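Novice: Please read through the structure below; I'll follow up with questions.
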Amino acid sequence: MDKHSKQTRYAPRQYSLLDQLVDVVDTGLRTVFTTPYSQRPYPGGTDNTADDTLSAHDKNLASRYMRINHAGEVAAQGLYTGQALTAKLPEVRGKMQEAAEEENDHLNWCATRIKELDSHTSYLDPIWYMGSVTIGALAGLAGDKWSLGFVAETEKQVVAHLDGHLASINPEDKNTRAILEQMKEDESKHATTALESGGANLPLPIKGMMKLTAKVMTKSTYWI
């Protein structure tokens with residue numbers, strides 16, 4: 001085999017727009033209708049006897065919060081997928097794809113805990129995914145520094161939501177708390193990585209719009 005043949009054989013595949021759109025749909029179907037495999041151990045552990053001491057109110061509140069967090073992770077998959085679709089630099093696209101893979105752990109953990117609490121994920125998940133793909137793609141088109149800044153601000157707001165959930169659930173609900181604490185650590189890391197990679201500080205009106213959108217999502221997902 002000559003040198004040219006080797007270079008051709010091992011050259012990375014260039015994906016067409018159609019390939020990428022198919023990947024968006026495939027990721028959405030797997031995100032919404034399946035439980036992704038977790039690469040890390042489940043923080044909640046395997047001993048659920050402590051749940052027997054929780055009241056019906058405590059379990060109901062925890063399940064609703066976990067449904068919100070699961071929906072947030074579905075939206076995160078959409079954001080990262082959309083941003084990877086339009087990111088200009090290969091290294092930025094790679095960071096988006098890597099972050100999306102790490103978020104799969106969160107999807108798994110949230111779905112597992114929701115099932116343990118005898119509840120269900122949000123029926124609105126398909127809407128959150130497709131809406132987030134659109135927002136992510138637009139952020140990517142605006143430029144990589146803004147796309148990364150969008151990631152950083154999103155993760156900061158997620159950390160704030162997680163702090164609120166941790167303050168509200170029963171202190172004895174150790175399984176839910178362990179999951180939320182690990183998610184908080186991961187999201188904070190994603191925000192720092194995005195800023196260190198060149199993410200820009202978003203204008204205040206954009207941050208305000210993001211908070212309003214998040215509020216609509218969390219309020220509706222709490223019930224549906």
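Residues in the structure tokens are named by chain (A, B, ... in the order shown) and by number from 1 within that chain; ligands are numbered from 1 in the order shown.
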May I have the residues within 7 Å of Ala194 of chain A as a PDB file with N, CA and C atoms, in the first residue's frame, using only C-alpha atoms and disregarding those fewer than 4 positions away in the same chain?
Specialist:
```
ATOM      1  N   LEU A 148     -19.404  29.065  23.846  1.00  0.00           N
ATOM      2  CA  LEU A 148     -18.807  28.629  25.108  1.00  0.00           C
ATOM      3  C   LEU A 148     -19.315  29.461  26.272  1.00  0.00           C
ATOM      4  N   GLY A 149     -19.525  30.754  26.036  1.00  0.00           N
ATOM      5  CA  GLY A 149     -20.088  31.609  27.082  1.00  0.00           C
ATOM      6  C   GLY A 149     -21.495  31.184  27.448  1.00  0.00           C
ATOM      7  N   VAL A 151     -22.610  28.118  27.287  1.00  0.00           N
ATOM      8  CA  VAL A 151     -22.449  26.906  28.106  1.00  0.00           C
ATOM      9  C   VAL A 151     -22.140  27.286  29.550  1.00  0.00           C
ATOM     10  N   ALA A 152     -21.199  28.207  29.720  1.00  0.00           N
ATOM     11  CA  ALA A 152     -20.793  28.617  31.067  1.00  0.00           C
ATOM     12  C   ALA A 152     -21.968  29.190  31.845  1.00  0.00           C
ATOM     13  N   HIS A 190     -17.931  22.038  34.238  1.00  0.00           N
ATOM     14  CA  HIS A 190     -18.229  22.363  32.842  1.00  0.00           C
ATOM     15  C   HIS A 190     -18.215  23.875  32.622  1.00  0.00           C
ATOM     16  N   GLY A 198     -12.197  30.000  26.476  1.00  0.00           N
ATOM     17  CA  GLY A 198     -12.421  31.226  25.696  1.00  0.00           C
ATOM     18  C   GLY A 198     -13.843  31.728  25.686  1.00  0.00           C
ATOM     19  N   GLY A 199     -14.693  31.204  26.567  1.00  0.00           N
ATOM     20  CA  GLY A 199     -16.078  31.638  26.622  1.00  0.00           C
ATOM     21  C   GLY A 199     -16.211  33.097  27.028  1.00  0.00           C
TER      22      GLY A 199
END
```
Novice: Which residues are near Thr35 of chain A? Cut-off 10 Å, only C-alpha atoms, ignore same chain within fewer than 2 positions. Put them as number ranges by chain.
Specialist: A: 30-33, 37-38, 104-105, 107-112
Novice: Grab the residues selected above and save them as a PDB file, in the first residue's frame with C-alpha atoms.
Specialist:
```pdb
ATOM      1  CA  ARG A  30     -31.962   7.933  22.564  1.00  0.00           C
ATOM      2  CA  THR A  31     -32.037  10.819  25.039  1.00  0.00           C
ATOM      3  CA  VAL A  32     -35.809  11.030  25.381  1.00  0.00           C
ATOM      4  CA  PHE A  33     -36.914   7.411  25.006  1.00  0.00           C
ATOM      5  CA  TYR A  37     -25.484   4.039  29.992  1.00  0.00           C
ATOM      6  CA  SER A  38     -23.597   5.653  32.860  1.00  0.00           C
ATOM      7  CA  ASN A 104     -25.324  11.082  29.908  1.00  0.00           C
ATOM      8  CA  ASP A 105     -24.303  10.025  33.416  1.00  0.00           C
ATOM      9  CA  LEU A 107     -29.499  11.441  32.611  1.00  0.00           C
ATOM     10  CA  ASN A 108     -28.988   7.901  33.854  1.00  0.00           C
ATOM     11  CA  TRP A 109     -28.802   8.912  37.516  1.00  0.00           C
ATOM     12  CA  CYS A 110     -31.888  11.132  37.369  1.00  0.00           C
ATOM     13  CA  ALA A 111     -33.950   8.519  35.525  1.00  0.00           C
ATOM     14  CA  THR A 112     -32.877   5.824  37.993  1.00  0.00           C
TER      15      THR A 112
END
```
Novice: Residues of chain A in helix (DSSP H, G or I) according to DSSP, as a PDB file with C-alpha atoms, in the first residue's frame?
Specialist:
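states13.pdb written:
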```
ATOM      1  CA  LYS A   3       1.734   6.461   1.222  1.00  0.00           C
ATOM      2  CA  HIS A   4      -1.242   8.158  -0.420  1.00  0.00           C
ATOM      3  CA  SER A   5      -3.448   5.111   0.194  1.00  0.00           C
ATOM      4  CA  LYS A   6      -2.538   5.059   3.894  1.00  0.00           C
ATOM      5  CA  GLN A   7      -3.379   8.734   4.295  1.00  0.00           C
ATOM      6  CA  THR A   8      -6.713   8.199   2.579  1.00  0.00           C
ATOM      7  CA  ARG A   9      -7.526   5.113   4.608  1.00  0.00           C
ATOM      8  CA  TYR A  10      -6.930   6.746   7.991  1.00  0.00           C
ATOM      9  CA  LEU A  17     -25.091  18.141   6.810  1.00  0.00           C
ATOM     10  CA  LEU A  18     -27.543  15.263   6.329  1.00  0.00           C
ATOM     11  CA  ASP A  19     -25.297  12.979   8.423  1.00  0.00           C
ATOM     12  CA  GLN A  20     -25.232  15.559  11.192  1.00  0.00           C
ATOM     13  CA  LEU A  21     -29.001  16.083  11.118  1.00  0.00           C
ATOM     14  CA  VAL A  22     -29.551  12.326  11.339  1.00  0.00           C
ATOM     15  CA  ASP A  23     -27.239  12.311  14.353  1.00  0.00           C
ATOM     16  CA  VAL A  24     -29.315  15.085  15.963  1.00  0.00           C
ATOM     17  CA  VAL A  25     -32.489  13.015  15.573  1.00  0.00           C
ATOM     18  CA  ASP A  26     -30.776   9.808  16.724  1.00  0.00           C
ATOM     19  CA  THR A  27     -29.383  11.524  19.821  1.00  0.00           C
ATOM     20  CA  GLY A  28     -32.813  12.950  20.572  1.00  0.00           C
ATOM     21  CA  LEU A  29     -34.547   9.587  20.325  1.00  0.00           C
ATOM     22  CA  ARG A  30     -31.962   7.933  22.564  1.00  0.00           C
ATOM     23  CA  THR A  31     -32.037  10.819  25.039  1.00  0.00           C
ATOM     24  CA  VAL A  32     -35.809  11.030  25.381  1.00  0.00           C
ATOM     25  CA  PHE A  33     -36.914   7.411  25.006  1.00  0.00           C
ATOM     26  CA  THR A  49     -33.965   1.234  52.846  1.00  0.00           C
ATOM     27  CA  ALA A  50     -33.541   4.864  53.914  1.00  0.00           C
ATOM     28  CA  ASP A  51     -36.374   5.750  51.529  1.00  0.00           C
ATOM     29  CA  ASP A  52     -38.761   3.886  53.821  1.00  0.00           C
ATOM     30  CA  THR A  53     -38.306   6.608  56.441  1.00  0.00           C
ATOM     31  CA  ALA A  56     -45.038  10.660  50.963  1.00  0.00           C
ATOM     32  CA  HIS A  57     -44.528  14.428  50.731  1.00  0.00           C
ATOM     33  CA  ASP A  58     -40.752  14.080  50.824  1.00  0.00           C
ATOM     34  CA  LYS A  59     -40.753  11.423  48.118  1.00  0.00           C
ATOM     35  CA  ASN A  60     -43.131  13.409  45.943  1.00  0.00           C
ATOM     36  CA  LEU A  61     -41.042  16.572  46.234  1.00  0.00           C
ATOM     37  CA  ALA A  62     -37.805  14.715  45.511  1.00  0.00           C
ATOM     38  CA  SER A  63     -39.309  12.989  42.471  1.00  0.00           C
ATOM     39  CA  ARG A  64     -40.520  16.305  41.053  1.00  0.00           C
ATOM     40  CA  TYR A  65     -37.112  17.901  41.537  1.00  0.00           C
ATOM     41  CA  MET A  66     -35.413  14.932  39.925  1.00  0.00           C
ATOM     42  CA  ARG A  67     -37.859  15.180  37.009  1.00  0.00           C
ATOM     43  CA  ILE A  68     -36.823  18.828  36.600  1.00  0.00           C
ATOM     44  CA  ASN A  69     -33.154  17.853  36.678  1.00  0.00           C
ATOM     45  CA  HIS A  70     -33.730  15.064  34.184  1.00  0.00           C
ATOM     46  CA  ALA A  71     -35.493  17.497  31.849  1.00  0.00           C
ATOM     47  CA  GLY A  72     -32.575  19.868  32.303  1.00  0.00           C
ATOM     48  CA  GLU A  73     -30.186  17.130  31.220  1.00  0.00           C
ATOM     49  CA  VAL A  74     -32.356  16.399  28.181  1.00  0.00           C
ATOM     50  CA  ALA A  75     -32.146  20.093  27.320  1.00  0.00           C
ATOM     51  CA  ALA A  76     -28.378  20.017  27.892  1.00  0.00           C
ATOM     52  CA  GLN A  77     -28.059  17.192  25.368  1.00  0.00           C
ATOM     53  CA  GLY A  78     -29.983  19.319  22.892  1.00  0.00           C
ATOM     54  CA  LEU A  79     -27.834  22.388  23.566  1.00  0.00           C
ATOM     55  CA  TYR A  80     -24.538  20.556  23.206  1.00  0.00           C
ATOM     56  CA  THR A  81     -25.722  18.695  20.107  1.00  0.00           C
ATOM     57  CA  GLY A  82     -26.908  21.915  18.471  1.00  0.00           C
ATOM     58  CA  GLN A  83     -23.715  23.755  19.355  1.00  0.00           C
ATOM     59  CA  ALA A  84     -21.514  20.942  18.026  1.00  0.00           C
ATOM     60  CA  LEU A  85     -23.526  21.156  14.803  1.00  0.00           C
ATOM     61  CA  THR A  86     -22.505  24.767  14.145  1.00  0.00           C
ATOM     62  CA  PRO A  90     -12.867  21.367  15.773  1.00  0.00           C
ATOM     63  CA  GLU A  91     -11.592  21.644  19.360  1.00  0.00           C
ATOM     64  CA  VAL A  92     -14.738  23.527  20.424  1.00  0.00           C
ATOM     65  CA  ARG A  93     -16.909  20.961  18.677  1.00  0.00           C
ATOM     66  CA  GLY A  94     -15.016  18.266  20.527  1.00  0.00           C
ATOM     67  CA  LYS A  95     -15.582  19.926  23.897  1.00  0.00           C
ATOM     68  CA  MET A  96     -19.321  20.092  23.199  1.00  0.00           C
ATOM     69  CA  GLN A  97     -19.449  16.415  22.318  1.00  0.00           C
ATOM     70  CA  GLU A  98     -17.369  15.479  25.370  1.00  0.00           C
ATOM     71  CA  ALA A  99     -19.640  17.476  27.685  1.00  0.00           C
ATOM     72  CA  ALA A 100     -22.711  15.818  26.160  1.00  0.00           C
ATOM     73  CA  GLU A 101     -21.228  12.386  26.897  1.00  0.00           C
ATOM     74  CA  GLU A 102     -20.576  13.359  30.535  1.00  0.00           C
ATOM     75  CA  GLU A 103     -24.163  14.590  30.845  1.00  0.00           C
ATOM     76  CA  ASN A 104     -25.324  11.082  29.908  1.00  0.00           C
ATOM     77  CA  ASP A 105     -24.303  10.025  33.416  1.00  0.00           C
ATOM     78  CA  HIS A 106     -26.673  12.619  34.843  1.00  0.00           C
ATOM     79  CA  LEU A 107     -29.499  11.441  32.611  1.00  0.00           C
ATOM     80  CA  ASN A 108     -28.988   7.901  33.854  1.00  0.00           C
ATOM     81  CA  TRP A 109     -28.802   8.912  37.516  1.00  0.00           C
ATOM     82  CA  CYS A 110     -31.888  11.132  37.369  1.00  0.00           C
ATOM     83  CA  ALA A 111     -33.950   8.519  35.525  1.00  0.00           C
ATOM     84  CA  THR A 112     -32.877   5.824  37.993  1.00  0.00           C
ATOM     85  CA  ARG A 113     -33.781   7.926  41.019  1.00  0.00           C
ATOM     86  CA  ILE A 114     -37.136   8.925  39.519  1.00  0.00           C
ATOM     87  CA  LYS A 115     -37.958   5.237  39.045  1.00  0.00           C
ATOM     88  CA  GLU A 116     -36.913   4.477  42.630  1.00  0.00           C
ATOM     89  CA  ASP A 125     -38.941  16.138  27.156  1.00  0.00           C
ATOM     90  CA  PRO A 126     -39.202  16.010  23.317  1.00  0.00           C
ATOM     91  CA  ILE A 127     -40.059  19.723  23.301  1.00  0.00           C
ATOM     92  CA  TRP A 128     -37.135  20.592  25.585  1.00  0.00           C
ATOM     93  CA  TYR A 129     -34.734  18.628  23.403  1.00  0.00           C
ATOM     94  CA  MET A 130     -35.724  20.093  20.039  1.00  0.00           C
ATOM     95  CA  GLY A 131     -36.007  23.614  21.426  1.00  0.00           C
ATOM     96  CA  SER A 132     -32.544  23.326  22.943  1.00  0.00           C
ATOM     97  CA  VAL A 133     -31.030  21.996  19.709  1.00  0.00           C
ATOM     98  CA  THR A 134     -32.297  25.141  17.986  1.00  0.00           C
ATOM     99  CA  ILE A 135     -30.953  27.443  20.692  1.00  0.00           C
ATOM    100  CA  GLY A 136     -27.616  25.625  20.718  1.00  0.00           C
ATOM    101  CA  ALA A 137     -27.249  25.830  16.953  1.00  0.00           C
ATOM    102  CA  LEU A 138     -27.973  29.571  17.024  1.00  0.00           C
ATOM    103  CA  ALA A 139     -25.403  30.056  19.787  1.00  0.00           C
ATOM    104  CA  GLY A 140     -22.858  28.174  17.698  1.00  0.00           C
ATOM    105  CA  LEU A 141     -23.582  30.355  14.674  1.00  0.00           C
ATOM    106  CA  ALA A 142     -22.928  33.452  16.770  1.00  0.00           C
ATOM    107  CA  ASP A 144     -17.393  29.885  19.386  1.00  0.00           C
ATOM    108  CA  LYS A 145     -16.639  32.379  22.168  1.00  0.00           C
ATOM    109  CA  TRP A 146     -20.365  33.106  22.536  1.00  0.00           C
ATOM    110  CA  SER A 147     -21.233  29.435  22.297  1.00  0.00           C
ATOM    111  CA  LEU A 148     -18.807  28.629  25.108  1.00  0.00           C
ATOM    112  CA  GLY A 149     -20.088  31.609  27.082  1.00  0.00           C
ATOM    113  CA  PHE A 150     -23.600  30.241  26.691  1.00  0.00           C
ATOM    114  CA  VAL A 151     -22.449  26.906  28.106  1.00  0.00           C
ATOM    115  CA  ALA A 152     -20.793  28.617  31.067  1.00  0.00           C
ATOM    116  CA  GLU A 153     -23.872  30.696  31.904  1.00  0.00           C
ATOM    117  CA  THR A 154     -26.189  27.702  31.482  1.00  0.00           C
ATOM    118  CA  GLU A 155     -24.118  25.625  33.883  1.00  0.00           C
ATOM    119  CA  LYS A 156     -23.952  28.466  36.416  1.00  0.00           C
ATOM    120  CA  GLN A 157     -27.737  28.678  36.423  1.00  0.00           C
ATOM    121  CA  VAL A 158     -28.007  24.891  36.745  1.00  0.00           C
ATOM    122  CA  VAL A 159     -25.739  24.980  39.805  1.00  0.00           C
ATOM    123  CA  ALA A 160     -28.013  27.618  41.345  1.00  0.00           C
ATOM    124  CA  HIS A 161     -31.055  25.386  40.722  1.00  0.00           C
ATOM    125  CA  LEU A 162     -29.279  22.420  42.291  1.00  0.00           C
ATOM    126  CA  ASP A 163     -28.445  24.496  45.374  1.00  0.00           C
ATOM    127  CA  GLY A 164     -32.137  25.302  45.706  1.00  0.00           C
ATOM    128  CA  HIS A 165     -33.122  21.657  45.421  1.00  0.00           C
ATOM    129  CA  LEU A 166     -30.521  20.601  47.988  1.00  0.00           C
ATOM    130  CA  ALA A 167     -31.868  23.198  50.403  1.00  0.00           C
ATOM    131  CA  SER A 168     -35.463  22.008  49.940  1.00  0.00           C
ATOM    132  CA  LYS A 174     -29.274  10.750  51.265  1.00  0.00           C
ATOM    133  CA  ASN A 175     -29.683   9.040  47.881  1.00  0.00           C
ATOM    134  CA  THR A 176     -31.159  12.096  46.183  1.00  0.00           C
ATOM    135  CA  ARG A 177     -28.653  14.390  47.885  1.00  0.00           C
ATOM    136  CA  ALA A 178     -25.692  12.294  46.722  1.00  0.00           C
ATOM    137  CA  ILE A 179     -26.858  12.539  43.108  1.00  0.00           C
ATOM    138  CA  LEU A 180     -27.466  16.285  43.281  1.00  0.00           C
ATOM    139  CA  GLU A 181     -24.098  16.933  44.930  1.00  0.00           C
ATOM    140  CA  GLN A 182     -22.222  15.031  42.215  1.00  0.00           C
ATOM    141  CA  MET A 183     -24.192  16.757  39.478  1.00  0.00           C
ATOM    142  CA  LYS A 184     -23.415  20.125  41.027  1.00  0.00           C
ATOM    143  CA  GLU A 185     -19.697  19.342  41.037  1.00  0.00           C
ATOM    144  CA  ASP A 186     -19.782  18.253  37.385  1.00  0.00           C
ATOM    145  CA  GLU A 187     -21.801  21.262  36.192  1.00  0.00           C
ATOM    146  CA  SER A 188     -19.477  23.662  37.982  1.00  0.00           C
ATOM    147  CA  LYS A 189     -16.536  22.000  36.235  1.00  0.00           C
ATOM    148  CA  HIS A 190     -18.229  22.363  32.842  1.00  0.00           C
ATOM    149  CA  ALA A 191     -18.764  26.087  33.462  1.00  0.00           C
ATOM    150  CA  THR A 192     -15.115  26.589  34.413  1.00  0.00           C
ATOM    151  CA  THR A 193     -13.889  24.616  31.403  1.00  0.00           C
ATOM    152  CA  ALA A 194     -16.052  26.659  29.028  1.00  0.00           C
ATOM    153  CA  LEU A 195     -14.705  29.949  30.388  1.00  0.00           C
ATOM    154  CA  GLU A 196     -11.096  28.753  30.343  1.00  0.00           C
ATOM    155  CA  LEU A 204     -27.267  40.874  30.878  1.00  0.00           C
ATOM    156  CA  PRO A 205     -30.383  40.765  28.615  1.00  0.00           C
ATOM    157  CA  ILE A 206     -29.308  37.346  27.303  1.00  0.00           C
ATOM    158  CA  LYS A 207     -28.738  36.060  30.835  1.00  0.00           C
ATOM    159  CA  GLY A 208     -32.161  37.356  31.833  1.00  0.00           C
ATOM    160  CA  MET A 209     -33.818  35.631  28.880  1.00  0.00           C
ATOM    161  CA  MET A 210     -32.062  32.382  29.781  1.00  0.00           C
ATOM    162  CA  LYS A 211     -33.360  32.610  33.355  1.00  0.00           C
ATOM    163  CA  LEU A 212     -36.889  33.272  32.118  1.00  0.00           C
ATOM    164  CA  THR A 213     -36.743  30.291  29.762  1.00  0.00           C
ATOM    165  CA  ALA A 214     -35.410  28.082  32.556  1.00  0.00           C
ATOM    166  CA  LYS A 215     -38.221  29.231  34.836  1.00  0.00           C
ATOM    167  CA  VAL A 216     -40.852  28.278  32.270  1.00  0.00           C
ATOM    168  CA  MET A 217     -39.261  24.854  31.842  1.00  0.00           C
ATOM    169  CA  THR A 218     -38.897  24.114  35.558  1.00  0.00           C
ATOM    170  CA  LYS A 219     -42.407  25.265  36.468  1.00  0.00           C
ATOM    171  CA  SER A 220     -44.085  23.176  33.755  1.00  0.00           C
ATOM    172  CA  THR A 221     -41.869  20.135  34.299  1.00  0.00           C
ATOM    173  CA  TYR A 222     -42.616  20.190  38.042  1.00  0.00           C
ATOM    174  CA  TRP A 223     -46.199  19.235  37.169  1.00  0.00           C
TER     175      TRP A 223
END
```
Novice: Counting only C-alpha atoms, which of A:Leu54, A:Gly143, A:Thr121, A:Ala200 gets nearest to Glu172 of chain A?
Specialist: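 Ranked by minimum distance to Glu172 of chain A, first place goes to A:Leu54.
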Novice: Have a look at atom CA of Pro43 of chain A and atom CA of Asp118 of chain A and let me know their distance in Å, one decimal.
Specialist: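 Distance between the two atoms: 18.3 Å.
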Novice: I'd like the interatomic distance between atom CA of Asn48 of chain A and atom CA of Thr34 of chain A, to a tenth of an Å.
Specialist: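 Result for atom CA of Asn48 of chain A versus atom CA of Thr34 of chain A: 23.1 Å, one decimal.
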Novice: Find the distance between atom CA of Pro41 of chain A and atom CA of Ile169 of chain A and write it in Å to one decimal.
Specialist: 22.5 Å
